[in-house]
>>> print(open('structure-v1.txt').read())   # compact mmCIF, N, CA and C atoms
# COMPACT_ATOMS: atom_id res chain seq x y z
N MET A 1 -87.05 -27.85 38.31
CA MET A 1 -86.03 -28.20 39.27
C MET A 1 -85.94 -27.08 40.30
N ALA A 2 -86.10 -27.41 41.54
CA ALA A 2 -86.04 -26.44 42.61
C ALA A 2 -84.58 -26.12 42.93
N GLN A 3 -84.28 -24.84 42.98
CA GLN A 3 -82.92 -24.42 43.26
C GLN A 3 -82.73 -24.31 44.77
N GLN A 4 -81.64 -24.86 45.26
CA GLN A 4 -81.38 -24.82 46.69
C GLN A 4 -80.84 -23.45 47.07
N VAL A 5 -81.42 -22.88 48.10
CA VAL A 5 -80.98 -21.59 48.60
C VAL A 5 -80.06 -21.83 49.79
N PRO A 6 -78.85 -21.26 49.76
CA PRO A 6 -77.95 -21.47 50.89
C PRO A 6 -78.52 -20.86 52.16
N PRO A 7 -78.21 -21.47 53.31
CA PRO A 7 -78.73 -20.93 54.57
C PRO A 7 -78.18 -19.53 54.83
N THR A 8 -78.97 -18.73 55.51
CA THR A 8 -78.58 -17.37 55.84
C THR A 8 -77.84 -17.35 57.17
N PHE A 9 -76.71 -16.66 57.20
CA PHE A 9 -75.91 -16.56 58.41
C PHE A 9 -75.81 -15.10 58.83
N ASP A 10 -75.66 -14.89 60.10
CA ASP A 10 -75.37 -13.56 60.62
C ASP A 10 -73.85 -13.46 60.74
N TRP A 11 -73.21 -12.87 59.73
CA TRP A 11 -71.75 -12.86 59.64
C TRP A 11 -71.10 -12.06 60.76
N GLU A 12 -71.80 -11.10 61.33
CA GLU A 12 -71.21 -10.27 62.36
C GLU A 12 -71.03 -11.02 63.68
N GLN A 13 -71.82 -12.06 63.93
CA GLN A 13 -71.74 -12.80 65.19
C GLN A 13 -70.96 -14.10 65.05
N GLU A 14 -70.32 -14.32 63.92
CA GLU A 14 -69.58 -15.56 63.68
C GLU A 14 -68.14 -15.40 64.16
N SER A 15 -67.68 -16.33 65.00
CA SER A 15 -66.30 -16.27 65.49
C SER A 15 -65.36 -16.80 64.41
N GLN A 16 -64.06 -16.63 64.62
CA GLN A 16 -63.07 -17.10 63.65
C GLN A 16 -63.10 -18.63 63.53
N THR A 17 -63.30 -19.31 64.64
CA THR A 17 -63.38 -20.77 64.62
C THR A 17 -64.60 -21.24 63.83
N GLU A 18 -65.74 -20.59 64.06
CA GLU A 18 -66.95 -20.95 63.32
C GLU A 18 -66.79 -20.66 61.84
N LYS A 19 -66.12 -19.56 61.52
CA LYS A 19 -65.90 -19.21 60.12
C LYS A 19 -65.03 -20.26 59.44
N MET A 20 -63.95 -20.69 60.11
CA MET A 20 -63.08 -21.71 59.54
C MET A 20 -63.81 -23.03 59.38
N ALA A 21 -64.66 -23.39 60.33
CA ALA A 21 -65.43 -24.63 60.23
C ALA A 21 -66.41 -24.55 59.07
N ARG A 22 -67.05 -23.41 58.89
CA ARG A 22 -68.00 -23.24 57.77
C ARG A 22 -67.26 -23.32 56.44
N LYS A 23 -66.11 -22.66 56.35
CA LYS A 23 -65.32 -22.70 55.11
C LYS A 23 -64.86 -24.13 54.81
N ALA A 24 -64.50 -24.88 55.85
CA ALA A 24 -64.05 -26.26 55.65
C ALA A 24 -65.18 -27.13 55.12
N LYS A 25 -66.40 -26.88 55.59
CA LYS A 25 -67.55 -27.65 55.09
C LYS A 25 -67.88 -27.26 53.65
N GLU A 26 -67.76 -25.97 53.32
CA GLU A 26 -68.07 -25.51 51.98
C GLU A 26 -67.00 -25.95 50.98
N SER A 27 -65.75 -25.96 51.39
CA SER A 27 -64.64 -26.27 50.49
C SER A 27 -63.57 -27.07 51.24
N PRO A 28 -63.75 -28.38 51.33
CA PRO A 28 -62.80 -29.18 52.12
C PRO A 28 -61.39 -29.21 51.54
N PHE A 29 -61.24 -28.99 50.24
CA PHE A 29 -59.90 -29.03 49.67
C PHE A 29 -59.09 -27.79 50.01
N MET A 30 -59.75 -26.74 50.51
CA MET A 30 -59.02 -25.58 51.00
C MET A 30 -58.15 -25.99 52.20
N ILE A 31 -58.68 -26.84 53.05
CA ILE A 31 -57.93 -27.32 54.21
C ILE A 31 -56.72 -28.14 53.75
N PHE A 32 -56.91 -28.99 52.73
CA PHE A 32 -55.79 -29.76 52.20
C PHE A 32 -54.73 -28.83 51.63
N GLY A 33 -55.16 -27.76 50.97
CA GLY A 33 -54.21 -26.78 50.44
C GLY A 33 -53.43 -26.09 51.53
N LEU A 34 -54.11 -25.72 52.61
CA LEU A 34 -53.42 -25.08 53.72
C LEU A 34 -52.44 -26.03 54.41
N VAL A 35 -52.83 -27.29 54.54
CA VAL A 35 -51.92 -28.28 55.13
C VAL A 35 -50.72 -28.49 54.21
N GLY A 36 -50.96 -28.53 52.89
CA GLY A 36 -49.85 -28.67 51.94
C GLY A 36 -48.91 -27.48 51.99
N LEU A 37 -49.48 -26.28 52.13
CA LEU A 37 -48.67 -25.08 52.25
C LEU A 37 -47.81 -25.13 53.51
N ALA A 38 -48.40 -25.50 54.63
CA ALA A 38 -47.65 -25.59 55.88
C ALA A 38 -46.55 -26.65 55.78
N THR A 39 -46.84 -27.75 55.10
CA THR A 39 -45.85 -28.81 54.92
C THR A 39 -44.69 -28.32 54.06
N ALA A 40 -45.01 -27.64 52.95
CA ALA A 40 -43.95 -27.12 52.09
C ALA A 40 -43.09 -26.10 52.82
N LEU A 41 -43.72 -25.26 53.62
CA LEU A 41 -42.94 -24.28 54.38
C LEU A 41 -42.10 -24.95 55.46
N GLY A 42 -42.63 -25.99 56.09
CA GLY A 42 -41.84 -26.71 57.10
C GLY A 42 -40.64 -27.39 56.50
N ILE A 43 -40.83 -28.04 55.35
CA ILE A 43 -39.71 -28.69 54.67
C ILE A 43 -38.69 -27.65 54.22
N GLY A 44 -39.20 -26.51 53.72
CA GLY A 44 -38.31 -25.44 53.29
C GLY A 44 -37.48 -24.88 54.43
N ALA A 45 -38.10 -24.71 55.58
CA ALA A 45 -37.37 -24.21 56.74
C ALA A 45 -36.29 -25.21 57.18
N TYR A 46 -36.62 -26.49 57.09
CA TYR A 46 -35.65 -27.52 57.46
C TYR A 46 -34.48 -27.55 56.48
N LYS A 47 -34.78 -27.43 55.17
CA LYS A 47 -33.73 -27.50 54.15
C LYS A 47 -32.94 -26.20 54.01
N TYR A 48 -33.40 -25.14 54.63
CA TYR A 48 -32.72 -23.86 54.47
C TYR A 48 -31.26 -23.91 54.95
N LYS A 49 -31.03 -24.61 56.04
CA LYS A 49 -29.66 -24.64 56.56
C LYS A 49 -28.76 -25.56 55.75
N ASN A 50 -29.32 -26.42 54.89
CA ASN A 50 -28.52 -27.32 54.06
C ASN A 50 -28.59 -26.91 52.59
N ARG A 51 -28.73 -25.64 52.31
CA ARG A 51 -28.91 -25.19 50.93
C ARG A 51 -27.61 -25.07 50.16
N GLY A 52 -26.49 -25.21 50.81
CA GLY A 52 -25.19 -25.14 50.13
C GLY A 52 -24.83 -23.72 49.74
N THR A 53 -24.39 -23.55 48.50
CA THR A 53 -23.94 -22.23 48.04
C THR A 53 -25.06 -21.42 47.40
N MET A 54 -26.28 -21.95 47.39
CA MET A 54 -27.41 -21.24 46.79
C MET A 54 -27.71 -19.98 47.59
N SER A 55 -27.96 -18.89 46.89
CA SER A 55 -28.27 -17.64 47.60
C SER A 55 -29.65 -17.75 48.25
N THR A 56 -29.86 -16.95 49.27
CA THR A 56 -31.12 -16.97 50.01
C THR A 56 -32.29 -16.57 49.13
N SER A 57 -32.11 -15.58 48.28
CA SER A 57 -33.22 -15.11 47.44
C SER A 57 -33.66 -16.19 46.45
N VAL A 58 -32.71 -16.92 45.86
CA VAL A 58 -33.07 -18.00 44.93
C VAL A 58 -33.77 -19.12 45.67
N PHE A 59 -33.29 -19.45 46.85
CA PHE A 59 -33.92 -20.50 47.65
C PHE A 59 -35.35 -20.13 48.00
N LEU A 60 -35.56 -18.87 48.42
CA LEU A 60 -36.91 -18.44 48.80
C LEU A 60 -37.84 -18.39 47.60
N MET A 61 -37.33 -18.02 46.42
CA MET A 61 -38.18 -18.03 45.22
C MET A 61 -38.61 -19.46 44.88
N GLN A 62 -37.68 -20.40 44.98
CA GLN A 62 -38.03 -21.79 44.71
C GLN A 62 -39.01 -22.32 45.74
N LEU A 63 -38.83 -21.93 46.99
CA LEU A 63 -39.75 -22.36 48.04
C LEU A 63 -41.14 -21.79 47.80
N ARG A 64 -41.22 -20.52 47.39
CA ARG A 64 -42.51 -19.90 47.11
C ARG A 64 -43.23 -20.63 45.97
N VAL A 65 -42.50 -20.98 44.92
CA VAL A 65 -43.09 -21.70 43.79
C VAL A 65 -43.58 -23.07 44.24
N ALA A 66 -42.82 -23.76 45.07
CA ALA A 66 -43.23 -25.07 45.57
C ALA A 66 -44.48 -24.96 46.44
N ALA A 67 -44.55 -23.96 47.30
CA ALA A 67 -45.72 -23.78 48.17
C ALA A 67 -46.95 -23.42 47.35
N GLN A 68 -46.80 -22.51 46.40
CA GLN A 68 -47.94 -22.15 45.55
C GLN A 68 -48.39 -23.32 44.69
N GLY A 69 -47.44 -24.10 44.19
CA GLY A 69 -47.79 -25.27 43.40
C GLY A 69 -48.57 -26.30 44.20
N THR A 70 -48.21 -26.45 45.45
CA THR A 70 -48.93 -27.38 46.32
C THR A 70 -50.38 -26.94 46.52
N VAL A 71 -50.58 -25.66 46.78
CA VAL A 71 -51.93 -25.14 46.98
C VAL A 71 -52.74 -25.24 45.70
N VAL A 72 -52.16 -24.88 44.57
CA VAL A 72 -52.87 -24.95 43.29
C VAL A 72 -53.23 -26.40 42.96
N ALA A 73 -52.33 -27.33 43.22
CA ALA A 73 -52.62 -28.74 42.97
C ALA A 73 -53.78 -29.24 43.83
N CYS A 74 -53.83 -28.83 45.09
CA CYS A 74 -54.93 -29.24 45.96
C CYS A 74 -56.25 -28.63 45.51
N LEU A 75 -56.24 -27.37 45.12
CA LEU A 75 -57.47 -26.74 44.65
C LEU A 75 -57.93 -27.35 43.32
N THR A 76 -56.99 -27.69 42.44
CA THR A 76 -57.34 -28.33 41.18
C THR A 76 -57.93 -29.71 41.43
N ALA A 77 -57.37 -30.45 42.37
CA ALA A 77 -57.93 -31.75 42.72
C ALA A 77 -59.34 -31.60 43.28
N GLY A 78 -59.57 -30.56 44.07
CA GLY A 78 -60.90 -30.31 44.61
C GLY A 78 -61.91 -29.98 43.53
N ILE A 79 -61.53 -29.17 42.56
CA ILE A 79 -62.42 -28.83 41.46
C ILE A 79 -62.72 -30.07 40.63
N GLY A 80 -61.68 -30.87 40.37
CA GLY A 80 -61.90 -32.12 39.63
C GLY A 80 -62.83 -33.07 40.36
N TYR A 81 -62.68 -33.14 41.67
CA TYR A 81 -63.55 -33.99 42.47
C TYR A 81 -65.00 -33.51 42.41
N GLN A 82 -65.20 -32.20 42.53
CA GLN A 82 -66.55 -31.65 42.47
C GLN A 82 -67.18 -31.87 41.10
N LEU A 83 -66.40 -31.68 40.04
CA LEU A 83 -66.92 -31.90 38.69
C LEU A 83 -67.28 -33.37 38.47
N ALA A 84 -66.42 -34.25 38.95
CA ALA A 84 -66.69 -35.68 38.80
C ALA A 84 -67.97 -36.06 39.55
N ASN A 85 -68.14 -35.55 40.76
CA ASN A 85 -69.37 -35.84 41.51
C ASN A 85 -70.60 -35.29 40.84
N GLU A 86 -70.49 -34.08 40.32
CA GLU A 86 -71.66 -33.41 39.75
C GLU A 86 -72.07 -33.97 38.40
N TYR A 87 -71.10 -34.28 37.54
CA TYR A 87 -71.44 -34.64 36.17
C TYR A 87 -71.31 -36.11 35.84
N PHE A 88 -70.42 -36.84 36.50
CA PHE A 88 -70.20 -38.22 36.13
C PHE A 88 -70.81 -39.22 37.11
N LEU A 89 -70.64 -38.97 38.40
CA LEU A 89 -71.09 -39.94 39.39
C LEU A 89 -72.59 -39.82 39.69
N LYS A 90 -73.19 -38.66 39.52
CA LYS A 90 -74.60 -38.48 39.79
C LYS A 90 -75.44 -38.50 38.53
N SER A 91 -74.89 -38.96 37.41
CA SER A 91 -75.63 -38.96 36.16
C SER A 91 -76.77 -39.98 36.21
N SER A 92 -76.64 -41.03 37.00
CA SER A 92 -77.71 -42.02 37.11
C SER A 92 -78.88 -41.50 37.94
N ASP A 93 -78.64 -40.51 38.79
CA ASP A 93 -79.72 -39.92 39.60
C ASP A 93 -80.63 -39.02 38.79
N LYS A 94 -80.08 -38.40 37.74
CA LYS A 94 -80.86 -37.47 36.93
C LYS A 94 -81.54 -38.23 35.80
N LYS A 95 -82.82 -38.44 35.92
CA LYS A 95 -83.59 -39.13 34.88
C LYS A 95 -84.64 -38.17 34.37
N ASP A 96 -84.41 -37.64 33.15
CA ASP A 96 -85.35 -36.68 32.59
C ASP A 96 -86.40 -37.35 31.74
>>> encode(input="structure-v1.txt", output="structure tokens")
Amino acid sequence: MAQQVPPTFDWEQESQTEKMARKAKESPFMIFGLVGLATALGIGAYKYKNRGTMSTSVFLMQLRVAAQGTVVACLTAGIGYQLANEYFLKSSDKKD
């Protein structure tokens, strides 16, 4: 079985936009995680003024847990998707 060698890049000449595009192609669920993080932070900022008697520190801790949970859930879904593609969905392609 021939092992695929990743293409060689000149990292010093890569702009931030090109780097983000390359990362998105390598790991598309990272983008979903970042969007989920931004969504959780946006909802948190909106709900901050309606938090009632809850202290700011408790609210921010709960917001941090929600944002981290969103990112971890997206990354876990990405790993599950990659495993399913590699081991379950492509099993018919591998004929030894």
>>> atom_distance(input="structure-v1.txt", atom1="atom CA of Ala24 of chain A", atom2="atom CA of Tyr81 of chain A")
15.3 Å
>>> atom_distance(input="structure-v1.txt", atom1="atom C of Thr53 of chain A", atom2="atom C of Val35 of chain A")
27.5 Å
>>> residues_near_point(input="structure-v1.txt", point="(-57.4, -31.8, 43.9)", cutoff="12 Å", atoms="only C-alpha atoms", output="MDAnalysis selection string")
chainID A and resid 27:33 36 69:84
>>> select_by_dssp(input="structure-v1.txt", residues="chain A", states="helix (DSSP H, G or I)", output="ChimeraX atom specification")
/A:11-13,16-26,28-48,56-89
>>> residues_around(input="structure-v1.txt", residues="segment 59-65 of chain A", least_positions_apart="6", cutoff="8 Å", atoms="all atoms listed in the file", output="number ranges by chain")
A: 40-41, 44, 48, 51, 71
>>> atom_distance(input="structure-v1.txt", atom1="atom CA of Ala67 of chain A", atom2="atom CA of Ile43 of chain A")
10.1 Å
